[in-house]
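Text of my_file22.txt (compact mmCIF, C-alpha atoms and all ligand atoms) as supplied:
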```txt
# COMPACT_ATOMS: atom_id res chain seq x y z
CA MET N 1 36.07 22.75 -9.46
CA GLN N 2 39.28 24.70 -9.97
CA THR N 3 40.76 21.89 -12.09
CA GLN N 4 37.78 22.17 -14.42
CA HIS N 5 38.92 25.68 -15.35
CA HIS N 6 42.28 24.31 -16.38
CA THR N 7 41.02 21.56 -18.67
CA ARG N 8 41.92 22.07 -22.29
CA GLN N 9 39.76 20.94 -25.18
CA ARG N 10 39.93 20.70 -28.94
CA VAL N 11 37.30 23.12 -30.17
CA GLU N 12 36.74 23.32 -33.93
CA ILE N 13 37.60 26.74 -35.29
CA GLN N 14 37.90 27.68 -38.93
CA ARG N 15 39.79 30.85 -39.77
CA LEU N 16 38.48 32.90 -42.67
CA PRO N 17 39.95 35.88 -44.54
CA GLY N 18 39.53 39.35 -43.05
CA GLY N 19 40.19 38.50 -39.39
CA ILE N 20 37.09 36.31 -39.03
CA ALA N 21 36.90 32.96 -37.26
CA LEU N 22 34.04 30.49 -37.58
CA LYS N 23 33.31 28.76 -34.27
CA GLN N 24 30.34 26.43 -33.85
CA GLY N 25 28.60 28.08 -36.78
CA ARG N 26 29.16 31.62 -35.53
CA ARG N 27 31.30 34.26 -37.23
CA LEU N 28 33.54 35.96 -34.67
CA LEU N 29 36.04 38.80 -34.97
CA ASN N 30 39.31 37.05 -34.31
CA PHE N 31 41.72 38.67 -31.84
CA SER N 32 43.20 35.40 -30.69
CA ASP N 33 45.85 34.35 -33.19
CA ASN N 34 49.39 35.37 -34.12
CA ASP N 35 48.81 36.29 -37.76
CA TYR N 36 49.96 39.85 -36.96
CA LEU N 37 50.30 40.96 -40.57
CA GLY N 38 47.34 39.07 -42.00
CA LEU N 39 49.64 37.07 -44.27
CA SER N 40 47.99 33.67 -43.81
CA PHE N 41 45.46 34.59 -46.52
CA HIS N 42 47.76 36.84 -48.57
CA PRO N 43 47.37 36.12 -52.31
CA ALA N 44 51.14 36.17 -52.90
CA LEU N 45 51.70 33.45 -50.29
CA GLN N 46 48.75 31.39 -51.49
CA ALA N 47 49.94 31.60 -55.11
CA ALA N 48 53.53 30.69 -54.19
CA ALA N 49 52.38 27.66 -52.19
CA ALA N 50 49.94 26.49 -54.86
CA ALA N 51 52.52 26.78 -57.64
CA ALA N 52 55.08 24.87 -55.57
CA ILE N 53 52.62 22.05 -54.91
CA THR N 54 51.93 21.71 -58.63
CA GLU N 55 55.60 21.79 -59.57
CA TYR N 56 57.29 20.00 -56.67
CA GLY N 57 54.59 17.88 -55.02
CA VAL N 58 53.24 18.04 -51.50
CA GLY N 59 56.11 16.61 -49.44
CA ALA N 60 59.88 17.01 -49.03
CA GLY N 61 60.48 13.25 -49.15
CA ALA N 62 63.39 13.20 -46.72
CA SER N 63 65.46 15.15 -44.21
CA ARG N 64 67.18 18.32 -45.41
CA LEU N 65 70.53 16.54 -45.03
CA VAL N 66 69.39 13.66 -47.24
CA SER N 67 67.39 14.76 -50.30
CA GLY N 68 64.81 17.11 -48.79
CA ASN N 69 66.80 20.34 -49.22
CA HIS N 70 64.87 22.01 -52.05
CA PRO N 71 66.71 24.98 -53.69
CA LEU N 72 63.97 27.26 -52.31
CA TYR N 73 65.55 26.70 -48.87
CA THR N 74 68.75 28.40 -50.05
CA GLU N 75 66.83 31.42 -51.28
CA LEU N 76 64.83 31.57 -48.03
CA GLU N 77 67.97 31.44 -45.86
CA LYS N 78 69.72 34.08 -48.00
CA THR N 79 66.75 36.42 -47.56
CA LEU N 80 66.75 35.82 -43.80
CA VAL N 81 70.46 36.69 -43.68
CA GLN N 82 69.74 39.99 -45.46
CA MET N 83 66.90 40.85 -43.12
CA LYS N 84 68.60 39.77 -39.90
CA GLY N 85 72.02 41.25 -40.68
CA THR N 86 73.82 38.02 -39.71
CA GLU N 87 76.42 35.83 -41.44
CA ASP N 88 74.15 32.85 -41.92
CA ALA N 89 70.71 31.41 -41.16
CA LEU N 90 69.13 27.98 -40.84
CA VAL N 91 65.48 26.97 -41.30
CA PHE N 92 63.87 24.25 -39.16
CA GLY N 93 60.52 22.41 -39.36
CA SER N 94 58.89 24.59 -36.69
CA GLY N 95 59.71 27.04 -33.93
CA PHE N 96 59.47 24.27 -31.36
CA LEU N 97 61.89 22.06 -33.33
CA MET N 98 64.21 25.03 -33.79
CA ASN N 99 64.39 25.72 -30.05
CA LEU N 100 65.07 22.05 -29.30
CA GLY N 101 67.74 22.01 -32.00
CA VAL N 102 69.45 25.29 -31.18
CA VAL N 103 69.75 24.72 -27.45
CA ASN N 104 70.75 21.06 -27.74
CA GLY N 105 72.96 21.58 -30.79
CA LEU N 106 75.03 24.35 -29.21
CA LEU N 107 75.15 23.40 -25.55
CA GLN N 108 77.23 20.73 -23.94
CA ARG N 109 76.71 19.10 -20.60
CA GLY N 110 78.26 21.38 -17.99
CA ASP N 111 77.43 24.58 -19.83
CA LEU N 112 75.33 27.14 -18.01
CA ILE N 113 71.98 28.58 -19.09
CA LEU N 114 70.53 31.70 -17.53
CA ALA N 115 66.94 32.02 -18.67
CA ASP N 116 64.28 34.67 -18.24
CA ARG N 117 61.56 33.33 -15.97
CA LEU N 118 58.89 33.81 -18.65
CA ILE N 119 60.49 32.07 -21.64
CA HIS N 120 58.34 29.87 -23.85
CA ALA N 121 57.61 26.22 -22.98
CA SER N 122 59.61 24.99 -25.99
CA LEU N 123 62.74 26.68 -24.59
CA VAL N 124 62.07 25.22 -21.16
CA ASP N 125 61.84 21.73 -22.68
CA ALA N 126 64.96 22.37 -24.74
CA MET N 127 66.92 23.39 -21.62
CA THR N 128 65.73 20.41 -19.65
CA LEU N 129 66.72 18.03 -22.43
CA SER N 130 70.15 19.60 -22.84
CA GLY N 131 71.45 18.43 -19.47
CA ALA N 132 73.07 21.85 -19.03
CA ARG N 133 72.84 23.56 -15.65
CA PHE N 134 70.22 26.26 -15.69
CA GLN N 135 68.91 29.02 -13.53
CA ARG N 136 66.08 31.51 -14.12
CA PHE N 137 66.40 35.25 -13.68
CA ARG N 138 63.47 37.51 -12.81
CA HIS N 139 61.63 38.66 -15.90
CA ASN N 140 63.62 41.34 -17.78
CA ASP N 141 65.62 42.06 -14.59
CA MET N 142 69.18 42.81 -15.70
CA THR N 143 70.36 43.40 -12.13
CA HIS N 144 69.33 39.86 -11.23
CA LEU N 145 70.95 38.51 -14.41
CA GLU N 146 74.18 40.32 -13.53
CA GLU N 147 74.10 38.84 -10.02
CA LEU N 148 73.71 35.32 -11.42
CA LEU N 149 76.49 35.90 -13.94
CA LYS N 150 78.80 37.13 -11.19
CA ARG N 151 77.94 34.17 -9.02
CA HIS N 152 78.25 31.51 -11.70
CA GLY N 153 80.18 33.13 -14.52
CA THR N 154 83.44 31.39 -15.30
CA LEU N 155 85.89 34.21 -15.68
CA PRO N 156 87.60 34.09 -19.07
CA THR N 157 90.97 34.71 -17.43
CA ALA N 158 90.50 31.57 -15.34
CA GLN N 159 89.62 29.63 -18.48
CA SER N 160 92.68 30.75 -20.41
CA ALA N 161 94.80 30.11 -17.33
CA ALA N 162 93.46 26.56 -17.16
CA ARG N 163 94.22 26.04 -20.82
CA SER N 164 97.75 27.45 -20.64
CA GLU N 165 98.45 25.15 -17.71
CA GLY N 166 98.03 22.28 -20.14
CA PHE N 167 94.60 20.87 -19.44
CA GLY N 168 94.64 19.47 -22.98
CA GLU N 169 91.04 18.80 -24.03
CA TYR N 170 89.76 21.19 -21.37
CA SER N 171 86.79 23.00 -22.78
CA PRO N 172 85.59 25.92 -20.71
CA THR N 173 81.98 26.18 -19.58
CA LYS N 174 80.00 28.31 -21.97
CA ILE N 175 77.26 30.60 -20.77
CA TYR N 176 74.02 31.12 -22.68
CA ILE N 177 71.35 33.69 -21.87
CA LEU N 178 67.85 32.75 -23.05
CA THR N 179 65.18 35.36 -23.66
CA GLU N 180 62.31 36.21 -25.95
CA GLY N 181 62.37 39.40 -28.04
CA VAL N 182 58.68 40.08 -27.45
CA PHE N 183 57.25 37.96 -24.63
CA SER N 184 54.36 35.91 -25.94
CA MET N 185 51.91 36.27 -23.05
CA ASP N 186 52.86 39.75 -21.82
CA GLY N 187 53.74 41.58 -25.03
CA ASP N 188 56.68 43.36 -23.45
CA VAL N 189 60.17 43.52 -24.92
CA ALA N 190 63.57 42.31 -23.66
CA PRO N 191 66.22 44.99 -22.98
CA LEU N 192 68.66 43.62 -25.55
CA PRO N 193 71.42 46.31 -25.46
CA ALA N 194 71.80 45.92 -21.68
CA MET N 195 71.65 42.14 -21.95
CA LEU N 196 74.31 42.10 -24.67
CA GLY N 197 76.44 44.44 -22.56
CA LEU N 198 76.40 41.78 -19.84
CA ALA N 199 77.03 39.07 -22.44
CA GLU N 200 80.15 40.93 -23.56
CA ARG N 201 81.44 41.33 -20.01
CA PHE N 202 80.86 37.69 -19.10
CA HIS N 203 81.58 36.13 -22.52
CA ALA N 204 78.08 34.76 -22.89
CA THR N 205 75.87 34.18 -25.93
CA VAL N 206 72.32 35.55 -26.02
CA ILE N 207 69.70 33.36 -27.68
CA MET N 208 66.71 35.58 -28.41
CA ASP N 209 63.47 33.92 -29.55
CA ASP N 210 61.74 36.58 -31.66
CA ALA N 211 58.60 34.60 -32.48
CA HIS N 212 56.41 37.64 -31.75
CA GLY N 213 58.72 40.50 -32.77
CA PHE N 214 59.69 39.48 -36.29
CA GLY N 215 57.44 41.09 -38.91
CA VAL N 216 56.08 43.61 -36.42
CA LEU N 217 58.89 45.57 -34.71
CA GLY N 218 61.82 47.34 -36.37
CA ASN N 219 60.09 47.83 -39.73
CA GLY N 220 59.33 44.14 -39.73
CA LEU N 221 62.94 43.11 -39.18
CA GLY N 222 62.38 42.21 -35.54
CA THR N 223 63.26 43.18 -32.00
CA ALA N 224 67.05 43.21 -32.51
CA ALA N 225 66.74 45.63 -35.44
CA ALA N 226 64.30 47.78 -33.44
CA GLN N 227 66.90 48.06 -30.65
CA GLY N 228 69.87 48.54 -32.98
CA VAL N 229 71.67 45.30 -32.07
CA ALA N 230 71.04 43.10 -35.14
CA GLY N 231 74.27 41.46 -36.26
CA HIS N 232 75.83 41.54 -32.77
CA PRO N 233 78.32 38.64 -32.78
CA GLN N 234 77.11 37.33 -29.40
CA LEU N 235 73.44 37.37 -30.41
CA LEU N 236 71.54 34.49 -31.96
CA GLN N 237 68.20 35.63 -33.39
CA THR N 238 65.64 32.88 -33.63
CA GLY N 239 61.99 32.79 -34.56
CA THR N 240 59.19 31.20 -36.48
CA PHE N 241 57.35 31.52 -39.78
CA SER N 242 54.17 30.47 -37.97
CA LYS N 243 53.25 33.85 -36.52
CA ALA N 244 53.66 37.15 -38.44
CA CYS N 245 54.71 35.23 -41.57
CA GLY N 246 51.33 33.48 -41.55
CA SER N 247 52.80 30.10 -42.55
CA TYR N 248 54.90 27.44 -40.77
CA GLY N 249 58.52 26.70 -39.86
CA GLY N 250 61.29 27.95 -37.57
CA TYR N 251 64.63 29.68 -38.14
CA VAL N 252 67.83 30.78 -36.47
CA ALA N 253 70.16 33.54 -37.70
CA GLY N 254 73.67 34.10 -36.36
CA SER N 255 77.38 33.60 -36.98
CA SER N 256 78.56 31.11 -39.63
CA GLU N 257 80.31 29.16 -36.91
CA MET N 258 77.16 28.69 -34.83
CA ILE N 259 75.05 27.79 -37.86
CA GLU N 260 77.62 25.23 -39.01
CA THR N 261 77.62 23.66 -35.55
CA LEU N 262 73.83 23.40 -35.72
CA VAL N 263 73.81 21.80 -39.18
CA ASN N 264 76.04 19.09 -37.74
CA ARG N 265 74.56 18.70 -34.27
CA ALA N 266 70.91 19.77 -34.14
CA ARG N 267 69.02 16.48 -33.99
CA SER N 268 65.66 18.17 -34.61
CA LEU N 269 67.06 19.32 -37.96
CA ILE N 270 68.92 16.16 -38.90
CA TYR N 271 66.37 13.51 -37.97
CA THR N 272 63.19 15.08 -39.27
CA THR N 273 61.77 15.53 -42.77
CA GLY N 274 62.25 18.89 -44.46
CA LEU N 275 59.33 21.29 -44.77
CA PRO N 276 57.14 20.71 -47.84
CA PRO N 277 58.48 22.91 -50.70
CA SER N 278 55.12 24.74 -50.76
CA VAL N 279 55.66 25.87 -47.17
CA VAL N 280 59.19 27.04 -47.96
CA ALA N 281 57.79 28.94 -50.96
CA ALA N 282 55.10 30.58 -48.81
CA ASN N 283 57.73 31.56 -46.22
CA LEU N 284 59.84 33.18 -48.92
CA ALA N 285 56.82 35.05 -50.24
CA ALA N 286 56.07 36.23 -46.67
CA LEU N 287 59.60 37.66 -46.28
CA LYS N 288 59.21 39.50 -49.60
CA VAL N 289 55.91 41.05 -48.44
CA ILE N 290 57.51 42.13 -45.14
CA GLN N 291 60.45 43.70 -47.00
CA ALA N 292 58.19 45.49 -49.48
CA GLU N 293 55.51 46.59 -46.98
CA PRO N 294 57.09 47.19 -43.56
CA GLU N 295 54.09 49.39 -42.69
CA ARG N 296 52.00 46.25 -42.04
CA GLY N 297 53.72 45.76 -38.67
CA GLU N 298 53.25 49.42 -37.85
CA LYS N 299 49.50 49.06 -38.49
CA ALA N 300 49.20 46.23 -35.94
CA LEU N 301 51.11 48.38 -33.42
CA HIS N 302 48.86 51.34 -34.16
CA TYR N 303 45.79 49.24 -33.29
CA ALA N 304 47.40 48.09 -30.05
CA ARG N 305 48.03 51.74 -29.13
CA ILE N 306 44.43 52.80 -29.84
CA PHE N 307 43.15 49.90 -27.73
CA CYS N 308 45.43 50.68 -24.78
CA GLU N 309 44.54 54.36 -24.88
CA MET N 310 40.84 53.55 -24.80
CA LEU N 311 41.23 51.15 -21.84
CA LYS N 312 43.83 53.33 -20.08
CA LEU N 313 46.37 50.52 -20.16
CA PRO N 314 50.13 51.16 -20.30
CA ALA N 315 51.40 51.89 -23.83
CA PRO N 316 51.96 48.62 -25.73
CA GLN N 317 55.43 47.50 -26.78
CA SER N 318 54.21 45.05 -29.42
CA ALA N 319 51.04 43.76 -31.11
CA ILE N 320 50.18 41.72 -27.98
CA VAL N 321 48.21 43.28 -25.13
CA PRO N 322 47.41 41.31 -21.97
CA VAL N 323 44.32 42.29 -20.00
CA ILE N 324 45.02 40.71 -16.63
CA ILE N 325 41.87 39.34 -14.99
CA GLY N 326 43.05 37.22 -12.04
CA THR N 327 41.55 33.78 -11.53
CA ALA N 328 41.21 31.25 -14.31
CA GLU N 329 37.47 31.19 -13.72
CA ALA N 330 37.08 34.95 -14.11
CA ALA N 331 39.25 35.00 -17.26
CA LEU N 332 37.17 32.23 -18.84
CA LYS N 333 33.99 34.05 -17.94
CA ALA N 334 35.27 37.25 -19.56
CA ALA N 335 36.20 35.35 -22.73
CA HIS N 336 32.73 33.78 -22.85
CA MET N 337 31.05 37.16 -22.44
CA LEU N 338 33.12 38.56 -25.29
CA GLU N 339 32.23 35.61 -27.46
CA GLU N 340 28.55 36.35 -26.85
CA LYS N 341 29.26 39.79 -28.27
CA GLY N 342 30.98 38.38 -31.35
CA PHE N 343 34.69 38.51 -30.41
CA LEU N 344 37.09 35.58 -30.26
CA VAL N 345 39.54 36.40 -27.47
CA ILE N 346 41.38 33.64 -25.66
CA ALA N 347 41.65 33.32 -21.89
CA ILE N 348 45.20 32.29 -20.97
CA ARG N 349 45.41 30.31 -17.73
CA PRO N 350 47.97 28.44 -15.64
CA PRO N 351 50.27 26.70 -16.32
CA THR N 352 50.85 28.92 -19.38
CA VAL N 353 50.91 31.95 -17.05
CA PRO N 354 51.49 32.16 -13.26
CA VAL N 355 48.57 31.39 -10.93
CA GLY N 356 46.49 34.52 -10.25
CA SER N 357 47.50 36.22 -13.50
CA SER N 358 44.98 34.59 -15.85
CA ARG N 359 44.29 37.01 -18.62
CA LEU N 360 42.76 37.84 -21.92
CA ARG N 361 45.55 37.85 -24.46
CA ILE N 362 44.64 40.22 -27.25
CA ALA N 363 46.62 40.10 -30.46
CA PHE N 364 46.25 42.85 -33.03
CA SER N 365 46.77 42.37 -36.73
CA ALA N 366 47.09 44.51 -39.83
CA ILE N 367 44.05 42.57 -41.08
CA HIS N 368 41.81 44.23 -38.47
CA THR N 369 40.08 47.56 -39.02
CA GLU N 370 40.04 50.49 -36.64
CA GLU N 371 36.31 49.94 -36.11
CA MET N 372 36.85 46.31 -35.04
CA VAL N 373 39.50 47.42 -32.55
CA LYS N 374 37.36 50.17 -31.05
CA ASN N 375 34.36 47.86 -30.75
CA LEU N 376 36.50 45.31 -28.92
CA ALA N 377 37.76 47.96 -26.49
CA ILE N 378 34.16 49.07 -25.79
CA ALA N 379 33.04 45.46 -25.24
CA ILE N 380 35.88 44.79 -22.80
CA GLN N 381 35.25 48.03 -20.97
CA SER N 382 31.60 47.17 -20.31
CA ASN N 383 32.58 43.59 -19.48
CA LEU N 384 35.10 44.70 -16.84
CA LEU N 385 32.67 47.24 -15.39
CA ALA N 386 30.04 44.51 -15.10
CA ARG N 387 32.58 42.26 -13.42
CA ASN N 388 33.63 44.87 -10.88
CA ALA N 389 29.99 45.33 -9.95
CA ASP N 390 29.59 41.56 -9.51
CA HIS N 391 30.48 40.89 -5.86
CA SER N 392 30.25 37.14 -6.31
CA THR N 393 33.54 37.26 -8.25
CA THR N 394 36.30 36.10 -5.94
CA ASP N 395 39.83 37.01 -6.87
C1 LIG N 401 54.94 29.96 -30.95
C2 LIG N 401 56.25 30.00 -30.31
C3 LIG N 401 57.22 29.02 -30.56
C4 LIG N 401 56.90 27.80 -31.37
O1 LIG N 401 56.83 28.11 -32.73
P1 LIG N 401 56.05 27.12 -33.70
O2 LIG N 401 56.55 27.51 -35.05
O3 LIG N 401 54.61 27.40 -33.51
O4 LIG N 401 56.43 25.74 -33.32
C5 LIG N 401 58.46 29.18 -30.01
N1 LIG N 401 58.77 30.22 -29.22
C6 LIG N 401 57.86 31.18 -28.94
C7 LIG N 401 58.25 32.31 -28.06
C8 LIG N 401 56.58 31.10 -29.45
O5 LIG N 401 55.68 32.02 -29.15
```
Can I see the file as C-alpha cells?
Amino acid sequence: MQTQHHTRQRVEIQRLPGGIALKQGRRLLNFSDNDYLGLSFHPALQAAAAAAITEYGVGAGASRLVSGNHPLYTELEKTLVQMKGTEDALVFGSGFLMNLGVVNGLLQRGDLILADRLIHASLVDAMTLSGARFQRFRHNDMTHLEELLKRHGTLPTAQSAARSEGFGEYSPTKIYILTEGVFSMDGDVAPLPAMLGLAERFHATVIMDDAHGFGVLGNGLGTAAAQGVAGHPQLLQTGTFSKACGSYGGYVAGSSEMIETLVNRARSLIYTTGLPPSVVAANLAALKVIQAEPERGEKALHYARIFCEMLKLPAPQSAIVPVIIGTAEAALKAAHMLEEKGFLVIAIRPPTVPVGSSRLRIAFSAIHTEEMVKNLAIAIQSNLLARNADHSTTD
C-alpha cells in the first residue's frame, strides 16, 4: 500500500499563459512550477526564440566545441558575467548537465566534497560519479561543516611543506563545499557569508547551485548578490535557465581559471550538442527582462509573504513555501483536495524529501495575482482543518 503512494506517473499537463495549467480538461491555478517570474510566456522571449528559429534553424548541429557555438552564446555569457559579478561564465545544456560537468570537471580523485544533506539529486549524482571522497553536513549547519573541515581539512601549511620537500607532481587534496542558494524543497537560504568564511580558513571552494534564487533574490541577481558575496574568488555560482528564466539550459559563473578548466574537462559540455540557438536567444532575452524589471522577483516574494502570514507560517526566504504534511498518503490526499478546488499544487514525497516530511511545495510567481494567492491560502486552511478533524489520518 505504502509503495503505491510513491509510484510516479506521467500525467498530461499543458501550461497556459497567466498561471493556468490544463489537466485532464480542467483549468487549474498553477502553483506547482518554477516559472517564478512568469517569463515562459513573456512576449520578448517568445519573439527572440521565434526569430532565431527563422534565421538560424531549430538545432545547434554539433557540440559547442565543434561548430555549435552560435555567437549568441558569447552575448549570453557576457551578460551573465555582468549580472553575477564574476570573471567568466559558461553555459551548459541544462542544470543537470551543468552539475555533472562542474563537479566532474573540477574535481580529481582524492579531492574532498562536503555537501549539505539536502542538495539536489543532480549534485548527488555528480559527486558519486566524480570518485571524490564525500561527506554530508547537516542542513545549513555551519558548526557541523566546521567540524568536518577540521577533521578532514588538509592544512595548507602541510601541503606547502609537502611540496617544498620535493614531492614533484604532488597535488594537494582540494576541498569543495556543495550547497544550494535557495533549497528547492524547503525554500530556505544557505548562510553564504559564514560558509565562505570557513572556505577561506580551510582553503576550500564553495559551489552554490542557485537554481531557485536567480531571478528572484537580490534584485534578480541571485542569492550571492542578496547576501553581498557575489564575485567572491572562492565562490562558484551555478544555476539554470529552466526556472525563473522560463526557458532551458544551465550555467556556471566564477573565476577565469575555473571556467577554462571546465571548457577543457567538463564532459557534459564537450560531448553533447549545444543548445538550439532559439533557446540561447530566449535565455538572453530573459536576462534582459530580469535586468530591466528586477521588481518581478520581489512580486513573487511578496506573494509568498502574504501566504505565510495568512497561514501563520514562518516568514518565507524565497518564492518557495513548503507546507509539511507528514505521510506521503496524507500529502497526496491534500493535493487531490486542492485540485478539486481548482489549484494545481504538487505533493512532494520520498525519496525527494525525507520520510515523514511529505509536503505540499508551493511556488509563487509574478504571474499570479493577489486574489489567486489569497484563495489558495483559504483553500489550504480549510483543507488542513478538515484533516485535523479526520481521526482516521495516521501520521
Ligand atoms: C532544477 C534543478 C536542477 C536541474 O536544472 P535543469 O535545468 O532542470 O536540468 C539543478 N539543481 C537544482 C537545485 C534544481 O532545482
Axis-aligned box over every listed atom of ligand LIG 401 (chain N), padded by 6 Å per side: centre and edges in Å to one decimal, as AutoDock Vina command-line options?
```
--center_x 56.7 --center_y 29.0 --center_z -31.6 --size_x 16.2 --size_y 18.6 --size_z 19.0
```
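Using only C-alpha atoms, the shortest contact distance between Ile306 of chain N and any of N:Val11, N:Ala328, N:Ala334, N:Leu376 is found at N:Leu376.
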If you take all atoms listed in the file and a cut-off of 12 Å, which residues of segment 253-340 of chain N touch segment 74-91 of chain N, and what are their nearest atom pairs and distances in Å to one decimal, in chain and number order, as CSV?
```
residue,atom,partner,partner_atom,distance
N:Ala253,CA,N:Ala89,CA,4.1
N:Gly254,CA,N:Thr86,CA,5.2
N:Ser255,CA,N:Glu87,CA,5.1
N:Ser256,CA,N:Asp88,CA,5.3
N:Glu257,CA,N:Asp88,CA,8.8
N:Met258,CA,N:Asp88,CA,8.8
N:Ile259,CA,N:Ala89,CA,6.5
N:Glu260,CA,N:Asp88,CA,8.9
N:Thr261,CA,N:Leu90,CA,10.9
N:Leu262,CA,N:Leu90,CA,8.3
N:Val263,CA,N:Leu90,CA,7.9
N:Asn264,CA,N:Leu90,CA,11.7
N:Ala266,CA,N:Leu90,CA,10.7
N:Ser268,CA,N:Val91,CA,11.1
N:Leu269,CA,N:Val91,CA,8.5
N:Ile270,CA,N:Val91,CA,11.6
N:Gly274,CA,N:Val91,CA,9.3
N:Leu275,CA,N:Val91,CA,9.1
N:Pro277,CA,N:Leu76,CA,11.1
N:Val279,CA,N:Leu76,CA,10.8
N:Val280,CA,N:Leu76,CA,7.2
N:Ala281,CA,N:Leu76,CA,8.1
N:Ala282,CA,N:Leu76,CA,9.8
N:Asn283,CA,N:Leu76,CA,7.3
N:Leu284,CA,N:Leu76,CA,5.3
N:Ala285,CA,N:Leu76,CA,9.0
N:Ala286,CA,N:Leu76,CA,10.0
N:Leu287,CA,N:Thr79,CA,7.4
N:Lys288,CA,N:Thr79,CA,8.4
N:Val289,CA,N:Thr79,CA,11.8
N:Ile290,CA,N:Met83,CA,9.7
N:Gln291,CA,N:Met83,CA,8.0
N:Ala292,CA,N:Met83,CA,11.7
N:Pro294,CA,N:Met83,CA,11.7
```
For C-alpha atoms, I'd like the residues from the last selection saved as a PDB file, keeping the file's coordinate frame.
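As a result, selection.pdb now contains:
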```pdb
ATOM      1  CA  ALA N 253      70.160  33.540 -37.700  1.00  0.00           C
ATOM      2  CA  GLY N 254      73.670  34.100 -36.360  1.00  0.00           C
ATOM      3  CA  SER N 255      77.380  33.600 -36.980  1.00  0.00           C
ATOM      4  CA  SER N 256      78.560  31.110 -39.630  1.00  0.00           C
ATOM      5  CA  GLU N 257      80.310  29.160 -36.910  1.00  0.00           C
ATOM      6  CA  MET N 258      77.160  28.690 -34.830  1.00  0.00           C
ATOM      7  CA  ILE N 259      75.050  27.790 -37.860  1.00  0.00           C
ATOM      8  CA  GLU N 260      77.620  25.230 -39.010  1.00  0.00           C
ATOM      9  CA  THR N 261      77.620  23.660 -35.550  1.00  0.00           C
ATOM     10  CA  LEU N 262      73.830  23.400 -35.720  1.00  0.00           C
ATOM     11  CA  VAL N 263      73.810  21.800 -39.180  1.00  0.00           C
ATOM     12  CA  ASN N 264      76.040  19.090 -37.740  1.00  0.00           C
ATOM     13  CA  ALA N 266      70.910  19.770 -34.140  1.00  0.00           C
ATOM     14  CA  SER N 268      65.660  18.170 -34.610  1.00  0.00           C
ATOM     15  CA  LEU N 269      67.060  19.320 -37.960  1.00  0.00           C
ATOM     16  CA  ILE N 270      68.920  16.160 -38.900  1.00  0.00           C
ATOM     17  CA  GLY N 274      62.250  18.890 -44.460  1.00  0.00           C
ATOM     18  CA  LEU N 275      59.330  21.290 -44.770  1.00  0.00           C
ATOM     19  CA  PRO N 277      58.480  22.910 -50.700  1.00  0.00           C
ATOM     20  CA  VAL N 279      55.660  25.870 -47.170  1.00  0.00           C
ATOM     21  CA  VAL N 280      59.190  27.040 -47.960  1.00  0.00           C
ATOM     22  CA  ALA N 281      57.790  28.940 -50.960  1.00  0.00           C
ATOM     23  CA  ALA N 282      55.100  30.580 -48.810  1.00  0.00           C
ATOM     24  CA  ASN N 283      57.730  31.560 -46.220  1.00  0.00           C
ATOM     25  CA  LEU N 284      59.840  33.180 -48.920  1.00  0.00           C
ATOM     26  CA  ALA N 285      56.820  35.050 -50.240  1.00  0.00           C
ATOM     27  CA  ALA N 286      56.070  36.230 -46.670  1.00  0.00           C
ATOM     28  CA  LEU N 287      59.600  37.660 -46.280  1.00  0.00           C
ATOM     29  CA  LYS N 288      59.210  39.500 -49.600  1.00  0.00           C
ATOM     30  CA  VAL N 289      55.910  41.050 -48.440  1.00  0.00           C
ATOM     31  CA  ILE N 290      57.510  42.130 -45.140  1.00  0.00           C
ATOM     32  CA  GLN N 291      60.450  43.700 -47.000  1.00  0.00           C
ATOM     33  CA  ALA N 292      58.190  45.490 -49.480  1.00  0.00           C
ATOM     34  CA  PRO N 294      57.090  47.190 -43.560  1.00  0.00           C
TER      35      PRO N 294
END
```
Within 10 Å of ligand LIG 401 (chain N), counting all atoms listed in the file, residues as a PyMOL selection string: chain N and resi 34+92-100+118-123+179-185+208-213+238-243+247-251
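Taking atom CA of Gly105 of chain N and atom CA of Glu147 of chain N as endpoints, the distance between them is 27.0 Å.
Across the structure, atom CA of Gly19 of chain N and atom CA of Arg361 of chain N are spaced 15.9 Å apart.
You will find atom CA of Asn30 of chain N at 4.8 Å from atom CA of Leu344 of chain N.
Distance annotation: of N:Leu28, N:Leu311, N:Val353, N:Leu221, the residue with the minimal separation from Glu298 of chain N is N:Leu221; atom set is all atoms listed in the file.
Of the listed residues (N:Leu22, N:Val103, N:Val58, N:Leu145), N:Val103 comes nearest to Asp125 of chain N; the distances count all atoms listed in the file.
Comparing the minimum interatomic distances between Ala377 of chain N and each of N:Ile325, N:Val355, N:Ala304, N:Arg109, counting all atoms listed in the file, we find that N:Ala304 sits nearest.
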Protein/DNA/RNA residues near (30.1, 35.7, -22.5), cut 12 Å, only C-alpha atoms, as a count of residues only: 25
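A search radius of 10 Å centred on (68.0, 44.1, -26.2), applied to all atoms listed in the file, returns the residues Asn140, Thr179, Glu180, Gly181, Val189, Ala190, Pro191, Leu192, Pro193, Ala194, Met195, Leu196, Gly197, Val206, Met208, Thr223, Ala224, Ala225, Ala226, Gln227, Gly228, Val229, Ala230 and Leu235 of chain N.
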Write out as a compact mmCIF listing (two decimals) with C-alpha atoms, keeping the file's coordinate frame each polymer residue whose atoms come within 9 Å of Ala132 of chain N, counting all atoms listed in the file; drop sequence neighbours fewer than 2 positions from it.
```txt
# COMPACT_ATOMS: atom_id res chain seq x y z
CA LEU N 107 75.15 23.40 -25.55
CA GLN N 108 77.23 20.73 -23.94
CA ARG N 109 76.71 19.10 -20.60
CA GLY N 110 78.26 21.38 -17.99
CA ASP N 111 77.43 24.58 -19.83
CA LEU N 112 75.33 27.14 -18.01
CA ILE N 113 71.98 28.58 -19.09
CA MET N 127 66.92 23.39 -21.62
CA THR N 128 65.73 20.41 -19.65
CA LEU N 129 66.72 18.03 -22.43
CA SER N 130 70.15 19.60 -22.84
CA PHE N 134 70.22 26.26 -15.69
```
